[in-house]
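A.B. asks: Pasting a structure here, questions to come.
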Amino acid sequence: MAGKKVLIIYAHQEPKSFNGSLKKVAMEELSKQGCTVTVSDLYAMKFEPRATRKDITGALSNPELFIYGAEAYEAFKKNSLTSDISEEQKKVQEADLVIFQFPLYWFSVPAILKGWMDRVLCQGFAFDIPGFYDSGFLKDKLALLSFTTGSTAEMCTKAGVHGDFRHFLWPLQHGILHFCGFKVLAPQISFAPEFSSQEERKSMVESWAQRLKGIWKEEPINCTPPWYFGD
C-alpha cells in the first residue's frame, strides 16, 4: 500500500539462501505496492548481539552493580545508547510493519536476531512498566515472523514429534512482540525447504509473494493463550 513503511529484519549469513529469496521477493512485492522498504541485514551489518555495558555511552546510573535492563532504560531516556541501537530504534519507530526473516534455530531465532531484540526493544522505547502487551509502545505497528524450518510440516503438528508449532511461537510472538505492543500477524512458515523439490520451493516463494499482495487487509491474530494452546 502506497505510503506504508516496512522494515525487514533479516538474519541469514548467505544472500543466496532460501531465506534470502524470501527477503528479496518481499522487498520486490512491497516496493511494487508503493511501500518504502528498509532492510536491516544483521550479518552483513555485523550487528553486535551481546548486551553489555558498552551499549551505554554516558555514565552508569549504578557503577557499583551493572544491571543491563535498568541501565539501558536510563540510557534511552538520556539518549545515551550506542548509535547502532538508536539507529535500529529509529527504523522501528518509522515502520508500519516489521517483518522478521530468519531460519528457525532450536525452536527460536538465531543468536544475532535475539541480540537485536535484547538490545533494540529496551524499556522506555518498546515498553514500560506499566505499558506492555496491549499498552506496549509499539501498539500502532504490525509484526510478522517469516521463517524456515529444518523439519517438515507433519513433524510440527499436535501429533508430530515436535508438537504443535504454535507452542514454540508463544515466547517469540507473545512474550516479545505482543509484550511490546505489536499487533501480530499470522506467521509465514516455510517448512523444510532444504528437503523440498525445486518446484516445492518455488511454490513457497510464490505463496509468500501472493500473501504480501493482501497483507494490509489482514487482521492480527488473537495473541492470547488459546491461539497457542487451545481452549
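Each chain in the C-alpha cells gets a letter, A, B, ..., in the order shown, and its residues are numbered from 1; ligands are numbered from 1 in order too.
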Tell me which protein, DNA and RNA residues are within 8 Å of Thr148 of chain A, counting only C-alpha atoms, leaving out same-chain ones fewer than 3 positions away, and put them as number ranges by chain.
C.D. replies: A: 19, 102-104, 189-193
A.B. asks: Those selected residues, please, written with all heavy atoms and delivered as a short mmCIF file (atom, residue, chain, number, x, y, z; two decimals), in the first residue's frame.
C.D. replies:
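out10.cif written:
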```cif
data_model
loop_
_atom_site.label_atom_id
_atom_site.label_comp_id
_atom_site.auth_asym_id
_atom_site.auth_seq_id
_atom_site.Cartn_x
_atom_site.Cartn_y
_atom_site.Cartn_z
N ASN A 19 16.13 -18.20 2.58
CA ASN A 19 15.71 -17.02 3.33
C ASN A 19 15.99 -15.75 2.54
O ASN A 19 15.19 -14.80 2.56
CB ASN A 19 16.43 -16.96 4.69
CG ASN A 19 15.71 -17.72 5.77
OD1 ASN A 19 14.87 -17.19 6.48
ND2 ASN A 19 16.05 -19.00 5.90
N PHE A 102 14.06 -15.22 9.00
CA PHE A 102 15.15 -15.96 9.63
C PHE A 102 14.92 -17.47 9.52
O PHE A 102 13.79 -17.92 9.33
CB PHE A 102 15.26 -15.58 11.11
CG PHE A 102 14.02 -15.87 11.92
CD1 PHE A 102 13.89 -17.05 12.64
CD2 PHE A 102 12.96 -14.96 11.96
CE1 PHE A 102 12.75 -17.32 13.39
CE2 PHE A 102 11.81 -15.22 12.70
CZ PHE A 102 11.71 -16.41 13.42
N PRO A 103 15.98 -18.26 9.70
CA PRO A 103 15.83 -19.71 9.84
C PRO A 103 15.60 -20.03 11.32
O PRO A 103 16.23 -19.42 12.19
CB PRO A 103 17.18 -20.25 9.37
CG PRO A 103 18.15 -19.15 9.70
CD PRO A 103 17.39 -17.85 9.60
N LEU A 104 14.73 -20.96 11.60
CA LEU A 104 14.46 -21.35 12.98
C LEU A 104 15.65 -22.13 13.54
O LEU A 104 16.08 -23.11 12.95
CB LEU A 104 13.19 -22.20 13.05
CG LEU A 104 12.56 -22.37 14.43
CD1 LEU A 104 11.91 -21.07 14.89
CD2 LEU A 104 11.51 -23.49 14.39
N ILE A 189 5.40 -19.64 7.52
CA ILE A 189 6.35 -20.71 7.80
C ILE A 189 6.63 -21.49 6.52
O ILE A 189 5.72 -22.02 5.89
CB ILE A 189 5.81 -21.66 8.88
CG1 ILE A 189 5.35 -20.88 10.12
CG2 ILE A 189 6.89 -22.68 9.26
CD1 ILE A 189 4.74 -21.74 11.21
N SER A 190 7.90 -21.54 6.16
CA SER A 190 8.33 -22.33 5.00
C SER A 190 9.00 -23.59 5.55
O SER A 190 10.14 -23.56 6.00
CB SER A 190 9.30 -21.53 4.14
OG SER A 190 8.69 -20.33 3.68
N PHE A 191 8.25 -24.68 5.51
CA PHE A 191 8.72 -25.91 6.13
C PHE A 191 9.75 -26.65 5.26
O PHE A 191 9.49 -26.93 4.09
CB PHE A 191 7.54 -26.85 6.42
CG PHE A 191 6.65 -26.40 7.54
CD1 PHE A 191 5.43 -25.79 7.29
CD2 PHE A 191 7.04 -26.58 8.87
CE1 PHE A 191 4.60 -25.38 8.32
CE2 PHE A 191 6.21 -26.17 9.91
CZ PHE A 191 5.00 -25.57 9.64
N ALA A 192 10.89 -26.95 5.86
CA ALA A 192 11.92 -27.83 5.29
C ALA A 192 12.28 -27.55 3.83
O ALA A 192 12.28 -28.47 3.01
CB ALA A 192 11.47 -29.28 5.43
N PRO A 193 12.60 -26.30 3.48
CA PRO A 193 12.97 -26.04 2.08
C PRO A 193 14.20 -26.84 1.63
O PRO A 193 14.32 -27.19 0.46
CB PRO A 193 13.23 -24.53 2.06
CG PRO A 193 13.53 -24.17 3.48
CD PRO A 193 12.70 -25.09 4.30
#
```
A.B. asks: Restrict the calculation to only C-alpha atoms, then for each residue of segment 91-182 of chain A with any atom at most 12 Å from an atom of segment 40-44 of chain A give the closest atom pair and their distance in Å to one decimal, rows by chain and rising residue number, as CSV.
C.D. replies:
```
residue,atom,partner,partner_atom,distance
A:Lys91,CA,A:Ser40,CA,8.9
A:Val92,CA,A:Ser40,CA,10.4
A:Val98,CA,A:Ser40,CA,10.6
A:Ile99,CA,A:Ser40,CA,10.4
A:Phe100,CA,A:Ser40,CA,9.7
A:Gln101,CA,A:Asp41,CA,9.7
A:Phe102,CA,A:Leu42,CA,10.5
A:Pro110,CA,A:Leu42,CA,10.5
A:Ala111,CA,A:Leu42,CA,10.6
A:Ile112,CA,A:Leu42,CA,7.0
A:Leu113,CA,A:Leu42,CA,7.4
A:Lys114,CA,A:Leu42,CA,10.9
A:Gly115,CA,A:Leu42,CA,10.1
A:Trp116,CA,A:Leu42,CA,8.3
A:Met117,CA,A:Leu42,CA,11.6
```
A.B. asks: Generate the output file for the selected residues, C-alpha atoms, as a PDB file, in the first residue's frame.
C.D. replies:
```pdb
ATOM      1  CA  LYS A  91      13.848   2.291  11.854  1.00  0.00           C
ATOM      2  CA  VAL A  92      11.301   0.500  14.055  1.00  0.00           C
ATOM      3  CA  VAL A  98       8.173  -5.146  10.815  1.00  0.00           C
ATOM      4  CA  ILE A  99       8.940  -8.495   9.153  1.00  0.00           C
ATOM      5  CA  PHE A 100      11.448 -10.817  10.796  1.00  0.00           C
ATOM      6  CA  GLN A 101      13.013 -13.155   8.215  1.00  0.00           C
ATOM      7  CA  PHE A 102      15.145 -15.959   9.626  1.00  0.00           C
ATOM      8  CA  PRO A 110      19.347 -17.100  15.576  1.00  0.00           C
ATOM      9  CA  ALA A 111      21.526 -15.540  18.284  1.00  0.00           C
ATOM     10  CA  ILE A 112      22.169 -12.408  16.221  1.00  0.00           C
ATOM     11  CA  LEU A 113      18.423 -11.763  15.950  1.00  0.00           C
ATOM     12  CA  LYS A 114      17.841 -12.484  19.641  1.00  0.00           C
ATOM     13  CA  GLY A 115      20.591  -9.957  20.367  1.00  0.00           C
ATOM     14  CA  TRP A 116      18.797  -7.404  18.181  1.00  0.00           C
ATOM     15  CA  MET A 117      15.632  -7.965  20.213  1.00  0.00           C
TER      16      MET A 117
END
```
A.B. asks: Record the distance separating atom CA of Asp128 of chain A and atom CA of Lys78 of chain A, expressed in Å with one decimal.
C.D. replies: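 Separation of atom CA of Asp128 of chain A and atom CA of Lys78 of chain A: 15.4 Å.
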A.B. asks: Pull the strand (DSSP E) assignments for segment 94-151 of chain A out of DSSP run on the backbone, and list those residues as an MDAnalysis selection string.
C.D. replies: chainID A and resid 97:103 142:148
A.B. asks: Quick one: residues within 9 Å of Phe107 of chain A, only C-alpha atoms counted, chain neighbours fewer than 6 positions away excluded, as a PyMOL selection string?
C.D. replies: chain A and resi 149+165+168-169
A.B. asks: Would you save the residues of that selection, restricted to C-alpha atoms, as a tab-separated table (two decimals), in the first residue's frame?
C.D. replies:
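Saved result, part-v1.tsv, follows:
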```
chain	number	residue	atom	x	y	z
A	149	THR	CA	12.45	-24.81	9.38
A	165	PHE	CA	4.38	-25.30	16.08
A	168	PHE	CA	7.19	-22.60	20.31
A	169	LEU	CA	5.84	-19.34	18.89
```
A.B. asks: Of the candidates A:Phe229, A:Ala126, A:Gln33, A:Ala75, which one gets nearest to Gly163 of chain A if we count only C-alpha atoms?
C.D. replies: A:Phe229
A.B. asks: Which residue gives the smallest distance to Gln13 of chain A among A:Phe47, A:Gln198, A:Glu29, A:Leu97, with only C-alpha atoms counted?
C.D. replies: A:Phe47
A.B. asks: For His174 of chain A, list every protein, DNA or RNA residue within 10 Å, evaluated using only C-alpha atoms, and leave out those in the same chain fewer than 2 positions away; present the list as a ChimeraX atom specification.
C.D. replies: /A:133,169-172,176-184,223-225,228
A.B. asks: Output all heavy atoms for every residue in that selection, as a compact mmCIF listing (two decimals), in the first residue's frame.
C.D. replies:
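As a result, out-v7.txt now contains:
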```txt
# COMPACT_ATOMS: atom_id res chain seq x y z
N TYR A 133 2.16 -5.30 26.64
CA TYR A 133 1.10 -6.01 25.93
C TYR A 133 0.23 -5.00 25.17
O TYR A 133 0.78 -4.22 24.39
CB TYR A 133 0.31 -6.92 26.86
CG TYR A 133 1.10 -8.14 27.28
CD1 TYR A 133 1.30 -8.45 28.63
CD2 TYR A 133 1.70 -8.97 26.34
CE1 TYR A 133 2.06 -9.56 29.01
CE2 TYR A 133 2.46 -10.07 26.70
CZ TYR A 133 2.64 -10.36 28.04
OH TYR A 133 3.40 -11.44 28.40
N LEU A 169 5.99 -20.75 19.27
CA LEU A 169 5.84 -19.34 18.89
C LEU A 169 5.40 -18.47 20.06
O LEU A 169 5.47 -17.24 20.00
CB LEU A 169 4.82 -19.21 17.75
CG LEU A 169 5.26 -19.77 16.40
CD1 LEU A 169 4.15 -19.61 15.37
CD2 LEU A 169 6.53 -19.10 15.93
N TRP A 170 4.95 -19.11 21.14
CA TRP A 170 4.47 -18.37 22.32
C TRP A 170 5.52 -17.37 22.84
O TRP A 170 5.22 -16.18 22.99
CB TRP A 170 4.03 -19.35 23.39
CG TRP A 170 3.75 -18.78 24.74
CD1 TRP A 170 4.54 -18.83 25.84
CD2 TRP A 170 2.57 -18.07 25.15
NE1 TRP A 170 3.95 -18.21 26.91
CE2 TRP A 170 2.73 -17.72 26.51
CE3 TRP A 170 1.40 -17.68 24.50
CZ2 TRP A 170 1.78 -17.02 27.24
CZ3 TRP A 170 0.44 -16.98 25.22
CH2 TRP A 170 0.63 -16.66 26.56
N PRO A 171 6.76 -17.79 23.14
CA PRO A 171 7.71 -16.80 23.67
C PRO A 171 8.10 -15.73 22.67
O PRO A 171 8.39 -14.60 23.07
CB PRO A 171 8.93 -17.66 24.07
CG PRO A 171 8.78 -18.92 23.31
CD PRO A 171 7.32 -19.14 23.14
N LEU A 172 8.11 -16.06 21.37
CA LEU A 172 8.50 -15.07 20.36
C LEU A 172 7.38 -14.08 20.07
O LEU A 172 7.57 -12.85 20.13
CB LEU A 172 8.91 -15.78 19.06
CG LEU A 172 10.14 -16.68 19.14
CD1 LEU A 172 10.34 -17.41 17.80
CD2 LEU A 172 11.38 -15.88 19.48
N ILE A 176 7.60 -11.54 23.38
CA ILE A 176 8.42 -10.43 22.88
C ILE A 176 7.58 -9.42 22.10
O ILE A 176 7.44 -8.27 22.51
CB ILE A 176 9.59 -10.95 22.01
CG1 ILE A 176 10.49 -11.88 22.83
CG2 ILE A 176 10.40 -9.77 21.47
CD1 ILE A 176 11.62 -12.52 22.02
N LEU A 177 7.01 -9.86 20.98
CA LEU A 177 6.32 -8.91 20.10
C LEU A 177 5.07 -8.32 20.73
O LEU A 177 4.90 -7.10 20.80
CB LEU A 177 6.00 -9.59 18.76
CG LEU A 177 7.20 -10.12 17.98
CD1 LEU A 177 6.75 -10.77 16.69
CD2 LEU A 177 8.21 -9.01 17.70
N HIS A 178 4.17 -9.19 21.20
CA HIS A 178 2.94 -8.68 21.82
C HIS A 178 3.25 -7.91 23.10
O HIS A 178 2.61 -6.90 23.39
CB HIS A 178 1.99 -9.85 22.10
CG HIS A 178 0.67 -9.43 22.63
ND1 HIS A 178 -0.11 -10.24 23.42
CD2 HIS A 178 -0.02 -8.25 22.52
CE1 HIS A 178 -1.22 -9.60 23.76
NE2 HIS A 178 -1.19 -8.41 23.24
N PHE A 179 4.25 -8.35 23.86
CA PHE A 179 4.63 -7.64 25.08
C PHE A 179 4.98 -6.18 24.76
O PHE A 179 4.68 -5.27 25.55
CB PHE A 179 5.84 -8.33 25.74
CG PHE A 179 6.18 -7.76 27.08
CD1 PHE A 179 5.57 -8.24 28.23
CD2 PHE A 179 7.11 -6.74 27.20
CE1 PHE A 179 5.87 -7.70 29.48
CE2 PHE A 179 7.43 -6.19 28.44
CZ PHE A 179 6.81 -6.68 29.59
N CYS A 180 5.61 -5.97 23.61
CA CYS A 180 5.99 -4.61 23.20
C CYS A 180 4.84 -3.86 22.52
O CYS A 180 5.03 -2.72 22.09
CB CYS A 180 7.19 -4.66 22.27
SG CYS A 180 8.69 -5.28 23.06
N GLY A 181 3.69 -4.51 22.41
CA GLY A 181 2.52 -3.84 21.85
C GLY A 181 2.21 -4.16 20.41
O GLY A 181 1.13 -3.82 19.93
N PHE A 182 3.16 -4.79 19.70
CA PHE A 182 2.92 -5.10 18.29
C PHE A 182 1.60 -5.86 18.12
O PHE A 182 1.25 -6.72 18.93
CB PHE A 182 4.02 -6.02 17.75
CG PHE A 182 5.28 -5.34 17.33
CD1 PHE A 182 6.46 -5.55 18.05
CD2 PHE A 182 5.33 -4.52 16.21
CE1 PHE A 182 7.65 -4.96 17.65
CE2 PHE A 182 6.51 -3.93 15.80
CZ PHE A 182 7.68 -4.14 16.53
N LYS A 183 0.90 -5.54 17.03
CA LYS A 183 -0.21 -6.37 16.58
C LYS A 183 0.41 -7.44 15.68
O LYS A 183 1.03 -7.13 14.67
CB LYS A 183 -1.24 -5.53 15.84
CG LYS A 183 -1.97 -4.53 16.75
CD LYS A 183 -2.94 -3.69 15.97
CE LYS A 183 -3.74 -2.78 16.90
NZ LYS A 183 -2.87 -1.82 17.62
N VAL A 184 0.27 -8.70 16.06
CA VAL A 184 1.00 -9.79 15.43
C VAL A 184 0.16 -10.45 14.34
O VAL A 184 -0.95 -10.92 14.59
CB VAL A 184 1.42 -10.84 16.48
CG1 VAL A 184 2.20 -11.97 15.82
CG2 VAL A 184 2.23 -10.19 17.60
N CYS A 223 -3.62 -12.70 20.04
CA CYS A 223 -2.38 -13.14 20.66
C CYS A 223 -2.57 -13.40 22.16
O CYS A 223 -2.04 -12.72 23.02
CB CYS A 223 -1.29 -12.08 20.44
SG CYS A 223 0.38 -12.76 20.45
N THR A 224 -3.37 -14.43 22.43
CA THR A 224 -3.66 -14.85 23.81
C THR A 224 -3.44 -16.36 23.90
O THR A 224 -3.35 -17.05 22.87
CB THR A 224 -5.11 -14.51 24.19
OG1 THR A 224 -5.98 -15.15 23.24
CG2 THR A 224 -5.37 -13.01 24.17
N PRO A 225 -3.37 -16.94 25.10
CA PRO A 225 -3.08 -18.37 25.23
C PRO A 225 -3.91 -19.32 24.36
O PRO A 225 -3.35 -20.29 23.82
CB PRO A 225 -3.29 -18.63 26.73
CG PRO A 225 -2.90 -17.34 27.37
CD PRO A 225 -3.40 -16.28 26.43
N TYR A 228 -2.43 -20.27 20.98
CA TYR A 228 -1.24 -21.11 21.04
C TYR A 228 -1.52 -22.52 21.58
O TYR A 228 -0.95 -23.50 21.11
CB TYR A 228 -0.18 -20.45 21.92
CG TYR A 228 0.27 -19.10 21.39
CD1 TYR A 228 -0.38 -17.94 21.76
CD2 TYR A 228 1.31 -19.01 20.47
CE1 TYR A 228 0.01 -16.71 21.26
CE2 TYR A 228 1.70 -17.80 19.95
CZ TYR A 228 1.05 -16.64 20.35
OH TYR A 228 1.44 -15.42 19.82
```
A.B. asks: Which one is closest to Gly124 of chain A: A:Ser151, A:Thr157, A:Gln188, A:Asn79? Count only C-alpha atoms.
C.D. replies: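 With only C-alpha atoms as the atom set, the closest residue is A:Asn79.
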A.B. asks: What does the distance between atom CA of Glu74 of chain A and atom CA of Val109 of chain A come to in Å, to one decimal place?
C.D. replies: 27.2 Å
A.B. asks: For a quick check of understanding, using only C-alpha atoms, which of A:Ser17, A:Thr152, A:Gln173, A:Ser31 has the smallest distance to Asn222 of chain A?
C.D. replies: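 The closest residue to Asn222 of chain A is A:Gln173.
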A.B. asks: So what do you get for atom CA of Gly3 of chain A versus atom CA of Asp118 of chain A, distance-wise?
C.D. replies: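 Taking atom CA of Gly3 of chain A and atom CA of Asp118 of chain A, their separation equals 29.4 Å.
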A.B. asks: Go through A:Ser108, A:Leu7, A:Thr38, A:Arg119 and flag the residue nearest Lys54 of chain A, using only C-alpha atoms for the distances.
C.D. replies: A:Arg119
